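S.K.: Input upload-v1.cif, format and content: mmCIF, C-alpha atoms and all ligand atoms.
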data_upload
#
loop_
_atom_site.group_PDB
_atom_site.id
_atom_site.type_symbol
_atom_site.label_atom_id
_atom_site.label_comp_id
_atom_site.auth_asym_id
_atom_site.auth_seq_id
_atom_site.Cartn_x
_atom_site.Cartn_y
_atom_site.Cartn_z
ATOM 1 C CA MET A 1 48.760 -255.616 52.166
ATOM 2 C CA THR A 2 47.268 -258.733 53.699
ATOM 3 C CA THR A 3 46.494 -258.380 57.388
ATOM 4 C CA THR A 4 46.890 -261.375 59.664
ATOM 5 C CA PRO A 5 43.675 -262.951 60.953
ATOM 6 C CA LYS A 6 42.662 -262.987 64.610
ATOM 7 C CA LEU A 7 42.071 -266.738 64.683
ATOM 8 C CA VAL A 8 43.266 -269.730 62.656
ATOM 9 C CA PHE A 9 42.545 -273.441 62.468
ATOM 10 C CA PHE A 10 45.775 -275.284 63.367
ATOM 11 C CA ASP A 11 46.482 -278.881 64.420
ATOM 12 C CA GLY A 12 42.790 -279.642 64.853
ATOM 13 C CA SER A 13 41.483 -276.623 66.722
ATOM 14 C CA ILE A 14 40.804 -272.919 66.395
ATOM 15 C CA VAL A 15 43.490 -270.837 68.123
ATOM 16 C CA PRO A 16 44.686 -267.200 68.110
ATOM 17 C CA TYR A 17 47.015 -266.480 65.159
ATOM 18 C CA SER A 18 49.763 -265.464 67.590
ATOM 19 C CA GLU A 19 49.728 -268.943 69.170
ATOM 20 C CA ALA A 20 49.988 -270.877 65.880
ATOM 21 C CA LYS A 21 53.776 -270.989 65.703
ATOM 22 C CA ILE A 22 56.262 -273.287 63.962
ATOM 23 C CA GLY A 23 59.999 -273.744 64.495
ATOM 24 C CA LEU A 24 62.783 -272.643 62.150
ATOM 25 C CA MET A 25 63.766 -276.289 61.544
ATOM 26 C CA THR A 26 60.342 -277.117 60.034
ATOM 27 C CA HIS A 27 60.731 -279.479 57.055
ATOM 28 C CA GLY A 28 58.127 -277.756 54.881
ATOM 29 C CA LEU A 29 59.891 -274.411 55.262
ATOM 30 C CA HIS A 30 63.242 -275.758 54.059
ATOM 31 C CA TYR A 31 62.154 -278.142 51.324
ATOM 32 C CA GLY A 32 58.772 -276.807 50.175
ATOM 33 C CA THR A 33 57.143 -280.069 51.280
ATOM 34 C CA GLY A 34 53.671 -278.697 51.695
ATOM 35 C CA VAL A 35 50.488 -278.190 49.704
ATOM 36 C CA PHE A 36 47.892 -275.470 49.794
ATOM 37 C CA GLY A 37 44.580 -274.311 48.415
ATOM 38 C CA GLY A 38 42.830 -271.048 47.657
ATOM 39 C CA ILE A 39 39.084 -270.694 48.107
ATOM 40 C CA ARG A 40 36.894 -267.618 48.083
ATOM 41 C CA GLY A 41 33.961 -266.688 50.270
ATOM 42 C CA TYR A 42 31.604 -264.066 48.839
ATOM 43 C CA TRP A 43 29.518 -261.880 51.119
ATOM 44 C CA ASN A 44 26.020 -261.254 49.742
ATOM 45 C CA ASP A 45 24.561 -258.141 51.367
ATOM 46 C CA LYS A 46 21.040 -258.786 50.092
ATOM 47 C CA HIS A 47 20.970 -262.323 51.488
ATOM 48 C CA MET A 48 23.037 -261.319 54.591
ATOM 49 C CA GLN A 49 24.992 -264.471 53.873
ATOM 50 C CA MET A 50 28.493 -265.617 52.992
ATOM 51 C CA TYR A 51 28.827 -268.205 50.241
ATOM 52 C CA LEU A 52 31.926 -270.353 49.827
ATOM 53 C CA PHE A 53 32.430 -271.146 46.153
ATOM 54 C CA ARG A 54 32.750 -274.902 45.425
ATOM 55 C CA PRO A 55 34.556 -275.671 48.721
ATOM 56 C CA PHE A 56 34.124 -279.453 48.336
ATOM 57 C CA ASP A 57 35.873 -279.335 44.940
ATOM 58 C CA HIS A 58 38.673 -277.171 46.361
ATOM 59 C CA TYR A 59 39.141 -279.428 49.379
ATOM 60 C CA GLU A 60 39.063 -282.529 47.196
ATOM 61 C CA ARG A 61 41.955 -281.052 45.182
ATOM 62 C CA PHE A 62 43.716 -280.089 48.422
ATOM 63 C CA LEU A 63 43.476 -283.687 49.690
ATOM 64 C CA ASN A 64 44.668 -284.976 46.310
ATOM 65 C CA SER A 65 47.637 -282.582 46.377
ATOM 66 C CA ALA A 66 48.479 -283.956 49.841
ATOM 67 C CA LYS A 67 48.214 -287.499 48.479
ATOM 68 C CA LEU A 68 50.845 -286.658 45.840
ATOM 69 C CA LEU A 69 53.235 -285.813 48.695
ATOM 70 C CA ARG A 70 52.323 -289.056 50.510
ATOM 71 C CA MET A 71 50.521 -287.129 53.244
ATOM 72 C CA GLN A 72 47.679 -288.841 55.026
ATOM 73 C CA LEU A 73 45.474 -286.096 56.386
ATOM 74 C CA PRO A 74 42.855 -287.052 58.979
ATOM 75 C CA TYR A 75 40.133 -284.978 57.313
ATOM 76 C CA THR A 76 37.435 -285.302 54.679
ATOM 77 C CA LYS A 77 36.462 -282.462 52.344
ATOM 78 C CA GLU A 78 33.213 -282.121 54.317
ATOM 79 C CA LYS A 79 35.062 -281.799 57.638
ATOM 80 C CA LEU A 80 37.491 -279.206 56.232
ATOM 81 C CA THR A 81 34.542 -277.195 54.881
ATOM 82 C CA GLN A 82 32.844 -277.386 58.292
ATOM 83 C CA GLU A 83 36.004 -276.203 60.071
ATOM 84 C CA THR A 84 36.315 -273.335 57.590
ATOM 85 C CA CYS A 85 32.721 -272.245 58.251
ATOM 86 C CA GLU A 86 33.276 -272.418 61.996
ATOM 87 C CA LEU A 87 36.422 -270.282 61.711
ATOM 88 C CA ILE A 88 34.606 -267.646 59.634
ATOM 89 C CA GLN A 89 31.664 -267.647 62.056
ATOM 90 C CA GLN A 90 33.970 -267.109 65.038
ATOM 91 C CA MET A 91 35.651 -264.162 63.298
ATOM 92 C CA GLU A 92 32.221 -262.838 62.200
ATOM 93 C CA TYR A 93 33.417 -261.857 58.710
ATOM 94 C CA ARG A 94 30.812 -259.959 56.724
ATOM 95 C CA GLU A 95 32.880 -259.174 53.628
ATOM 96 C CA ASN A 96 34.547 -261.115 50.809
ATOM 97 C CA VAL A 97 37.245 -263.437 52.126
ATOM 98 C CA TYR A 98 40.102 -265.572 50.833
ATOM 99 C CA ILE A 99 40.629 -268.957 52.463
ATOM 100 C CA ARG A 100 44.064 -270.568 52.502
ATOM 101 C CA PRO A 101 44.256 -274.194 53.638
ATOM 102 C CA LEU A 102 47.845 -275.362 54.116
ATOM 103 C CA ALA A 103 49.288 -278.791 54.921
ATOM 104 C CA PHE A 104 53.016 -279.169 55.442
ATOM 105 C CA TYR A 105 55.478 -281.584 56.951
ATOM 106 C CA GLY A 106 56.018 -280.121 60.380
ATOM 107 C CA ASP A 107 58.919 -282.258 61.614
ATOM 108 C CA GLU A 108 61.877 -280.209 62.802
ATOM 109 C CA ILE A 109 64.576 -282.262 61.128
ATOM 110 C CA ILE A 110 67.186 -282.036 58.371
ATOM 111 C CA GLY A 111 66.858 -284.498 55.465
ATOM 112 C CA VAL A 112 65.075 -284.385 52.109
ATOM 113 C CA ARG A 113 62.376 -287.076 51.877
ATOM 114 C CA LEU A 114 58.656 -287.679 52.049
ATOM 115 C CA HIS A 115 58.590 -290.744 54.322
ATOM 116 C CA ASN A 116 58.432 -290.934 58.117
ATOM 117 C CA LEU A 117 57.180 -287.379 58.420
ATOM 118 C CA THR A 118 54.089 -285.897 60.072
ATOM 119 C CA PRO A 119 51.847 -283.402 58.291
ATOM 120 C CA ARG A 120 50.285 -280.443 60.067
ATOM 121 C CA VAL A 121 47.194 -278.672 58.776
ATOM 122 C CA ALA A 122 46.222 -275.023 59.020
ATOM 123 C CA ILE A 123 43.375 -272.949 57.593
ATOM 124 C CA LEU A 124 43.700 -269.169 57.388
ATOM 125 C CA VAL A 125 40.952 -266.760 56.355
ATOM 126 C CA VAL A 126 41.697 -263.142 55.430
ATOM 127 C CA PRO A 127 39.590 -260.335 53.961
ATOM 128 C CA PHE A 128 39.870 -260.397 50.184
ATOM 129 C CA LYS A 129 41.428 -257.365 48.504
ATOM 130 C CA PRO A 130 41.911 -257.741 44.744
ATOM 131 C CA ALA A 131 45.602 -257.399 43.765
ATOM 132 C CA ILE A 132 45.072 -256.246 40.176
ATOM 133 C CA ASN A 133 42.297 -254.406 38.408
ATOM 134 C CA THR A 134 40.757 -257.267 36.461
ATOM 135 C CA GLN A 135 38.375 -255.124 34.435
ATOM 136 C CA LYS A 136 40.640 -253.091 32.150
ATOM 137 C CA GLY A 137 42.595 -255.858 30.438
ATOM 138 C CA ALA A 138 46.106 -257.150 30.987
ATOM 139 C CA HIS A 139 49.290 -256.998 28.917
ATOM 140 C CA VAL A 140 50.976 -260.394 29.194
ATOM 141 C CA THR A 141 54.259 -261.851 27.975
ATOM 142 C CA VAL A 142 55.319 -265.383 27.113
ATOM 143 C CA SER A 143 57.766 -266.251 29.872
ATOM 144 C CA SER A 144 61.245 -267.625 29.256
ATOM 145 C CA TRP A 145 60.617 -269.902 32.253
ATOM 146 C CA ARG A 146 59.024 -273.303 31.506
ATOM 147 C CA ARG A 147 56.237 -274.846 33.571
ATOM 148 C CA VAL A 148 57.167 -277.581 36.052
ATOM 149 C CA ASP A 149 56.540 -280.952 34.428
ATOM 150 C CA ASP A 150 54.460 -283.840 35.798
ATOM 151 C CA ASN A 151 57.694 -285.845 36.059
ATOM 152 C CA ILE A 152 59.500 -283.045 37.907
ATOM 153 C CA ILE A 153 56.958 -281.566 40.326
ATOM 154 C CA PRO A 154 53.337 -282.381 39.441
ATOM 155 C CA ALA A 155 51.595 -279.182 38.328
ATOM 156 C CA ARG A 156 48.188 -280.734 39.044
ATOM 157 C CA GLY A 157 48.983 -280.550 42.742
ATOM 158 C CA LYS A 158 49.264 -277.213 44.537
ATOM 159 C CA VAL A 159 52.703 -278.050 45.902
ATOM 160 C CA CYS A 160 54.370 -275.245 47.899
ATOM 161 C CA GLY A 161 57.873 -275.754 46.434
ATOM 162 C CA ALA A 162 56.558 -275.637 42.867
ATOM 163 C CA TYR A 163 55.410 -272.055 43.368
ATOM 164 C CA VAL A 164 59.009 -270.876 42.991
ATOM 165 C CA ASN A 165 58.368 -271.620 39.298
ATOM 166 C CA SER A 166 55.287 -269.346 39.348
ATOM 167 C CA ALA A 167 57.144 -266.625 41.278
ATOM 168 C CA LEU A 168 60.077 -266.588 38.810
ATOM 169 C CA ALA A 169 57.701 -266.190 35.877
ATOM 170 C CA LYS A 170 55.513 -263.592 37.599
ATOM 171 C CA THR A 171 58.304 -261.329 38.834
ATOM 172 C CA ASP A 172 60.313 -261.391 35.592
ATOM 173 C CA ALA A 173 57.131 -260.410 33.725
ATOM 174 C CA TYR A 174 56.300 -257.691 36.262
ATOM 175 C CA LEU A 175 59.814 -256.186 36.247
ATOM 176 C CA SER A 176 59.714 -256.074 32.448
ATOM 177 C CA GLY A 177 56.519 -253.999 32.588
ATOM 178 C CA PHE A 178 53.920 -256.714 31.944
ATOM 179 C CA ASP A 179 50.931 -257.578 34.118
ATOM 180 C CA GLU A 180 51.290 -261.343 33.893
ATOM 181 C CA ALA A 181 53.244 -264.206 32.342
ATOM 182 C CA ILE A 182 52.044 -267.037 30.127
ATOM 183 C CA VAL A 183 54.188 -270.089 30.770
ATOM 184 C CA LEU A 184 54.890 -272.778 28.175
ATOM 185 C CA ASP A 185 55.495 -276.395 29.097
ATOM 186 C CA ASN A 186 58.634 -278.279 28.102
ATOM 187 C CA SER A 187 57.163 -279.265 24.731
ATOM 188 C CA GLY A 188 56.672 -275.565 23.941
ATOM 189 C CA HIS A 189 52.889 -275.625 24.250
ATOM 190 C CA VAL A 190 50.957 -273.106 26.313
ATOM 191 C CA ALA A 191 50.426 -274.342 29.873
ATOM 192 C CA GLU A 192 48.940 -271.496 31.929
ATOM 193 C CA GLY A 193 49.561 -268.155 33.607
ATOM 194 C CA SER A 194 51.795 -267.864 36.695
ATOM 195 C CA ALA A 195 48.805 -268.810 38.882
ATOM 196 C CA GLU A 196 45.859 -268.833 36.470
ATOM 197 C CA ASN A 197 44.517 -271.052 33.721
ATOM 198 C CA VAL A 198 44.252 -269.639 30.219
ATOM 199 C CA PHE A 199 41.561 -269.611 27.524
ATOM 200 C CA ILE A 200 41.726 -268.204 23.993
ATOM 201 C CA LEU A 201 38.959 -267.723 21.430
ATOM 202 C CA ARG A 202 39.908 -268.925 17.927
ATOM 203 C CA HIS A 203 37.451 -269.114 15.036
ATOM 204 C CA GLY A 204 34.610 -268.559 17.504
ATOM 205 C CA VAL A 205 35.553 -271.532 19.707
ATOM 206 C CA PHE A 206 37.121 -271.263 23.171
ATOM 207 C CA VAL A 207 40.296 -273.325 23.514
ATOM 208 C CA THR A 208 42.117 -274.206 26.745
ATOM 209 C CA PRO A 209 45.028 -276.604 27.355
ATOM 210 C CA PRO A 210 44.021 -280.090 28.533
ATOM 211 C CA ILE A 211 44.713 -281.270 32.094
ATOM 212 C CA THR A 212 47.553 -283.453 30.740
ATOM 213 C CA GLU A 213 49.510 -280.351 29.648
ATOM 214 C CA ASN A 214 51.155 -279.612 33.031
ATOM 215 C CA ILE A 215 48.487 -277.280 34.376
ATOM 216 C CA LEU A 216 46.745 -276.965 37.696
ATOM 217 C CA GLU A 217 43.282 -278.481 37.331
ATOM 218 C CA GLY A 218 41.591 -275.182 38.097
ATOM 219 C CA ILE A 219 38.144 -275.064 39.673
ATOM 220 C CA THR A 220 37.490 -271.743 37.894
ATOM 221 C CA ARG A 221 38.556 -273.354 34.601
ATOM 222 C CA ARG A 222 36.098 -276.206 35.202
ATOM 223 C CA THR A 223 33.351 -273.729 36.144
ATOM 224 C CA LEU A 224 33.942 -271.599 33.045
ATOM 225 C CA ILE A 225 33.971 -274.568 30.662
ATOM 226 C CA HIS A 226 30.478 -275.334 31.983
ATOM 227 C CA LEU A 227 29.247 -271.734 31.789
ATOM 228 C CA ILE A 228 30.677 -271.120 28.289
ATOM 229 C CA GLN A 229 28.995 -274.227 26.910
ATOM 230 C CA ASN A 230 25.722 -274.055 28.817
ATOM 231 C CA GLU A 231 25.083 -270.328 29.190
ATOM 232 C CA LEU A 232 26.949 -268.693 26.267
ATOM 233 C CA GLY A 233 26.235 -271.599 23.897
ATOM 234 C CA VAL A 234 29.856 -271.517 22.679
ATOM 235 C CA GLN A 235 31.967 -274.631 22.122
ATOM 236 C CA VAL A 236 35.060 -275.321 24.283
ATOM 237 C CA GLN A 237 37.971 -277.438 23.042
ATOM 238 C CA GLU A 238 40.542 -278.834 25.458
ATOM 239 C CA ARG A 239 43.623 -279.202 23.263
ATOM 240 C CA SER A 240 47.262 -278.128 22.985
ATOM 241 C CA ILE A 241 47.792 -274.474 22.129
ATOM 242 C CA ASP A 242 50.839 -273.298 20.148
ATOM 243 C CA ARG A 243 52.591 -270.093 21.208
ATOM 244 C CA THR A 244 51.721 -268.333 17.922
ATOM 245 C CA GLU A 245 48.030 -269.140 18.350
ATOM 246 C CA LEU A 246 48.134 -266.658 21.234
ATOM 247 C CA PHE A 247 49.055 -263.937 18.728
ATOM 248 C CA LEU A 248 46.114 -264.859 16.480
ATOM 249 C CA ALA A 249 43.478 -265.221 19.217
ATOM 250 C CA GLU A 250 40.258 -263.220 18.838
ATOM 251 C CA GLU A 251 39.920 -263.045 22.643
ATOM 252 C CA MET A 252 41.977 -264.263 25.572
ATOM 253 C CA PHE A 253 41.567 -264.443 29.335
ATOM 254 C CA LEU A 254 43.245 -265.839 32.433
ATOM 255 C CA CYS A 255 41.182 -267.279 35.271
ATOM 256 C CA GLY A 256 41.552 -268.408 38.860
ATOM 257 C CA THR A 257 39.892 -268.192 42.233
ATOM 258 C CA GLY A 258 41.648 -264.991 43.329
ATOM 259 C CA VAL A 259 41.579 -263.061 40.054
ATOM 260 C CA GLN A 260 38.296 -264.553 38.751
ATOM 261 C CA ILE A 261 38.620 -263.608 35.039
ATOM 262 C CA ILE A 262 41.367 -261.295 33.739
ATOM 263 C CA PRO A 263 40.795 -260.268 30.137
ATOM 264 C CA VAL A 264 44.054 -260.195 28.168
ATOM 265 C CA THR A 265 44.123 -257.349 25.661
ATOM 266 C CA GLN A 266 47.808 -257.354 24.664
ATOM 267 C CA ILE A 267 50.425 -260.055 24.386
ATOM 268 C CA ASP A 268 54.091 -259.178 23.861
ATOM 269 C CA HIS A 269 53.122 -255.755 22.418
ATOM 270 C CA ARG A 270 50.568 -257.235 20.016
ATOM 271 C CA PRO A 271 46.859 -256.481 20.464
ATOM 272 C CA VAL A 272 44.615 -259.451 21.203
ATOM 273 C CA GLY A 273 41.733 -259.221 18.705
ATOM 274 C CA SER A 274 40.700 -255.558 18.549
ATOM 275 C CA GLY A 275 42.859 -254.737 21.582
ATOM 276 C CA ALA A 276 39.778 -254.170 23.750
ATOM 277 C CA VAL A 277 38.152 -256.592 26.214
ATOM 278 C CA GLY A 278 36.447 -259.258 24.043
ATOM 279 C CA PRO A 279 32.619 -259.284 24.042
ATOM 280 C CA LEU A 280 32.339 -262.958 25.041
ATOM 281 C CA THR A 281 34.950 -262.488 27.780
ATOM 282 C CA HIS A 282 32.996 -259.491 29.058
ATOM 283 C CA LYS A 283 29.754 -261.484 29.129
ATOM 284 C CA LEU A 284 31.481 -264.324 30.958
ATOM 285 C CA MET A 285 32.967 -261.958 33.570
ATOM 286 C CA GLU A 286 29.489 -260.626 34.369
ATOM 287 C CA LEU A 287 27.948 -264.076 34.508
ATOM 288 C CA TYR A 288 30.733 -265.538 36.682
ATOM 289 C CA GLY A 289 30.495 -262.546 39.050
ATOM 290 C CA SER A 290 26.758 -263.128 39.507
ATOM 291 C CA VAL A 291 27.122 -266.890 39.977
ATOM 292 C CA VAL A 292 29.824 -266.688 42.687
ATOM 293 C CA ALA A 293 27.973 -263.931 44.555
ATOM 294 C CA GLY A 294 24.897 -266.167 44.832
ATOM 295 C CA ASN A 295 22.720 -264.210 42.430
ATOM 296 C CA VAL A 296 21.983 -267.026 39.964
ATOM 297 C CA GLU A 297 19.518 -269.467 41.506
ATOM 298 C CA SER A 298 20.262 -272.301 39.048
ATOM 299 C CA TYR A 299 23.893 -272.465 40.259
ATOM 300 C CA ALA A 300 23.129 -272.393 43.981
ATOM 301 C CA SER A 301 24.476 -275.967 44.261
ATOM 302 C CA TRP A 302 28.032 -274.604 43.743
ATOM 303 C CA LEU A 303 27.675 -272.435 46.851
ATOM 304 C CA HIS A 304 27.982 -273.357 50.502
ATOM 305 C CA ALA A 305 26.342 -270.976 52.979
ATOM 306 C CA VAL A 306 28.452 -270.133 56.049
ATOM 307 C CA TYR A 307 25.829 -268.535 58.319
HETATM 308 C C1 LIG B 401 49.267 -272.502 38.843
HETATM 309 C C2 LIG B 401 47.814 -272.209 38.945
HETATM 310 N N1 LIG B 401 47.021 -272.400 37.873
HETATM 311 C C3 LIG B 401 45.701 -272.150 37.924
HETATM 312 C C4 LIG B 401 45.097 -271.673 39.074
HETATM 313 C C5 LIG B 401 43.614 -271.461 39.108
HETATM 314 O O1 LIG B 401 43.012 -272.476 39.874
HETATM 315 P P1 LIG B 401 41.625 -272.237 40.599
HETATM 316 O O2 LIG B 401 40.671 -271.808 39.541
HETATM 317 O O3 LIG B 401 41.249 -273.568 41.167
HETATM 318 O O4 LIG B 401 41.835 -271.193 41.618
HETATM 319 C C6 LIG B 401 45.883 -271.434 40.200
HETATM 320 C C7 LIG B 401 45.282 -270.903 41.422
HETATM 321 O O5 LIG B 401 45.174 -271.579 42.397
HETATM 322 C C8 LIG B 401 47.263 -271.724 40.149
HETATM 323 O O6 LIG B 401 48.044 -271.531 41.223
#
Can you present the structure in this file as structure tokens?
M.R.:
Amino acid sequence: MTTTPKLVFFDGSIVPYSEAKIGLMTHGLHYGTGVFGGIRGYWNDKHMQMYLFRPFDHYERFLNSAKLLRMQLPYTKEKLTQETCELIQQMEYRENVYIRPLAFYGDEIIGVRLHNLTPRVAILVVPFKPAINTQKGAHVTVSSWRRVDDNIIPARGKVCGAYVNSALAKTDAYLSGFDEAIVLDNSGHVAEGSAENVFILRHGVFVTPPITENILEGITRRTLIHLIQNELGVQVQERSIDRTELFLAEEMFLCGTGVQIIPVTQIDHRPVGSGAVGPLTHKLMELYGSVVAGNVESYASWLHAVY
């Protein structure tokens, strides 16, 4: 269970959570006209420091998502990062945290549109508690739901309303006994998980769908493409993936800020590779864990110290 934070950033200042209220008529609540982000802060006990992982990249995507909804937010990625640090400092967090920036149309009116509306911006920070055990390997299913298309609701933006698509896929998979869903796009190619990007290993090469295949342009995905090529010395191809390639993959994993890397060991009752966590996936999980925690000096430029 997520607990509510003591303080939040809302409408330009830091206020108690109990004072950051919105009305029932709020546009974003009715029509999903909002965008959000998800960033992690990792507490490093040895350094007595909290590191935000790639906050400028996350806030750049947040501002771009807002742009897709015609929102003009009066912030830069640097300013949003600074406000986030200030909020964490005031709450004195000394543990892993999850940061949720949110921008939504706050007008209390009826009427579906994106023009003549005023966005409001909030940042919430909560202690991070992992939802699923990411170590043991997940059993996933190919969802009967299709991914939202760029010409329907752009998947490259983190648009609040579009997450109904993710929720439908996730809950149907969960209620059928699976850990996660893999969602295909309208052409039948693999897009991503309900809220994670996907990689498979085929013939010793990692393959992941390109950013033109109706996926969120994941920061973890971008990070892992770099680490796979530069640290594991393995090639990465960004190309369309057919559904049946999932059944022939030697290794498979899902990735995202919250879950980091989830190894996939079964898909629709078929083992992935040997049915155990793949050796390259395992290596990557260890490496990624060290990088985000601030234990790999050469990747310090991806981290932003809070204290
Ligand atoms: C639909 C979707 N795909 C992929 C991701 C992974 O993105 P990131 O690595 O930037 O967290 C997320 C998580 O935000 C997501 O919601």
S.K.: Enumerate, as a PyMOL selection string, the residues matched when the PyMOL selection byres (((chain A and resi 13) around 12) and not hetatm) is run on the file above.
M.R.: chain A and resi 7-12+14-17+19-20+80+83-84+86-87+120-123
S.K.: If you measure from CA of Thr257 (chain A) to CA of Ala103 (chain A), what distance in Å do you get, rounded to one decimal?
M.R.: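 Spanning CA of Thr257 (chain A) to CA of Ala103 (chain A) is a straight-line distance of 19.0 Å.
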S.K.: Which residues sit within 7 Å of ligand LIG 401 (chain B), counting all atoms listed in the file, listed as a list in words?
M.R.: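 The distance check yields Gly37, Gly38, His58, Lys158, Ser166, Glu192, Gly193, Ser194, Ala195, Glu196, Asn197, Ile215, Leu216, Glu217, Gly218, Ile219, Thr220, Arg221, Cys255, Gly256, Thr257 and Gly258 of chain A.
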S.K.: For a test of reading the model, state the distance in Å between CA of Leu184 (chain A) and CA of Gly204 (chain A), rounded to one decimal.
M.R.: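 One can read the CA of Leu184 (chain A) to CA of Gly204 (chain A) distance as 23.3 Å.
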S.K.: Using all atoms listed in the file, pick whichever of A:Phe253, A:Tyr288, A:Tyr163, A:Phe36 has the shortest atom-to-atom distance to Val140 (chain A).
M.R.: A:Phe253
S.K.: Work out how far CA of Ala249 (chain A) is from CA of Val277 (chain A), in Å to one decimal.
M.R.: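 Computing the Euclidean distance for CA of Val277 (chain A) and CA of Ala249 (chain A) yields 12.3 Å.
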S.K.: Using 12 Å as the limit and counting all atoms listed in the file, can you tabulate each residue of region 166-261 of chain A that touches region 294-301 of chain A, with its shortest atom-to-atom distance in Å and the two atoms involved, as CSV?
M.R.:
residue,atom,partner,partner_atom,distance
A:Thr223,CA,A:Tyr299,CA,10.4
A:His226,CA,A:Tyr299,CA,11.0
A:Leu227,CA,A:Tyr299,CA,10.0
A:Asn230,CA,A:Tyr299,CA,11.7
A:Glu231,CA,A:Ser298,CA,11.1
S.K.: So, with only C-alpha atoms as the atoms that count, which of A:Glu238, A:Asp268, A:Glu60, A:Glu92 lies closest to Gly157 (chain A)?
M.R.: A:Glu60
S.K.: Which neighbours of Lys6 (chain A) fall inside 10 Å, counting only C-alpha atoms, when residues of the same chain fewer than 3 positions from it are skipped, and could you give them as a count of residues only?
M.R.: 10
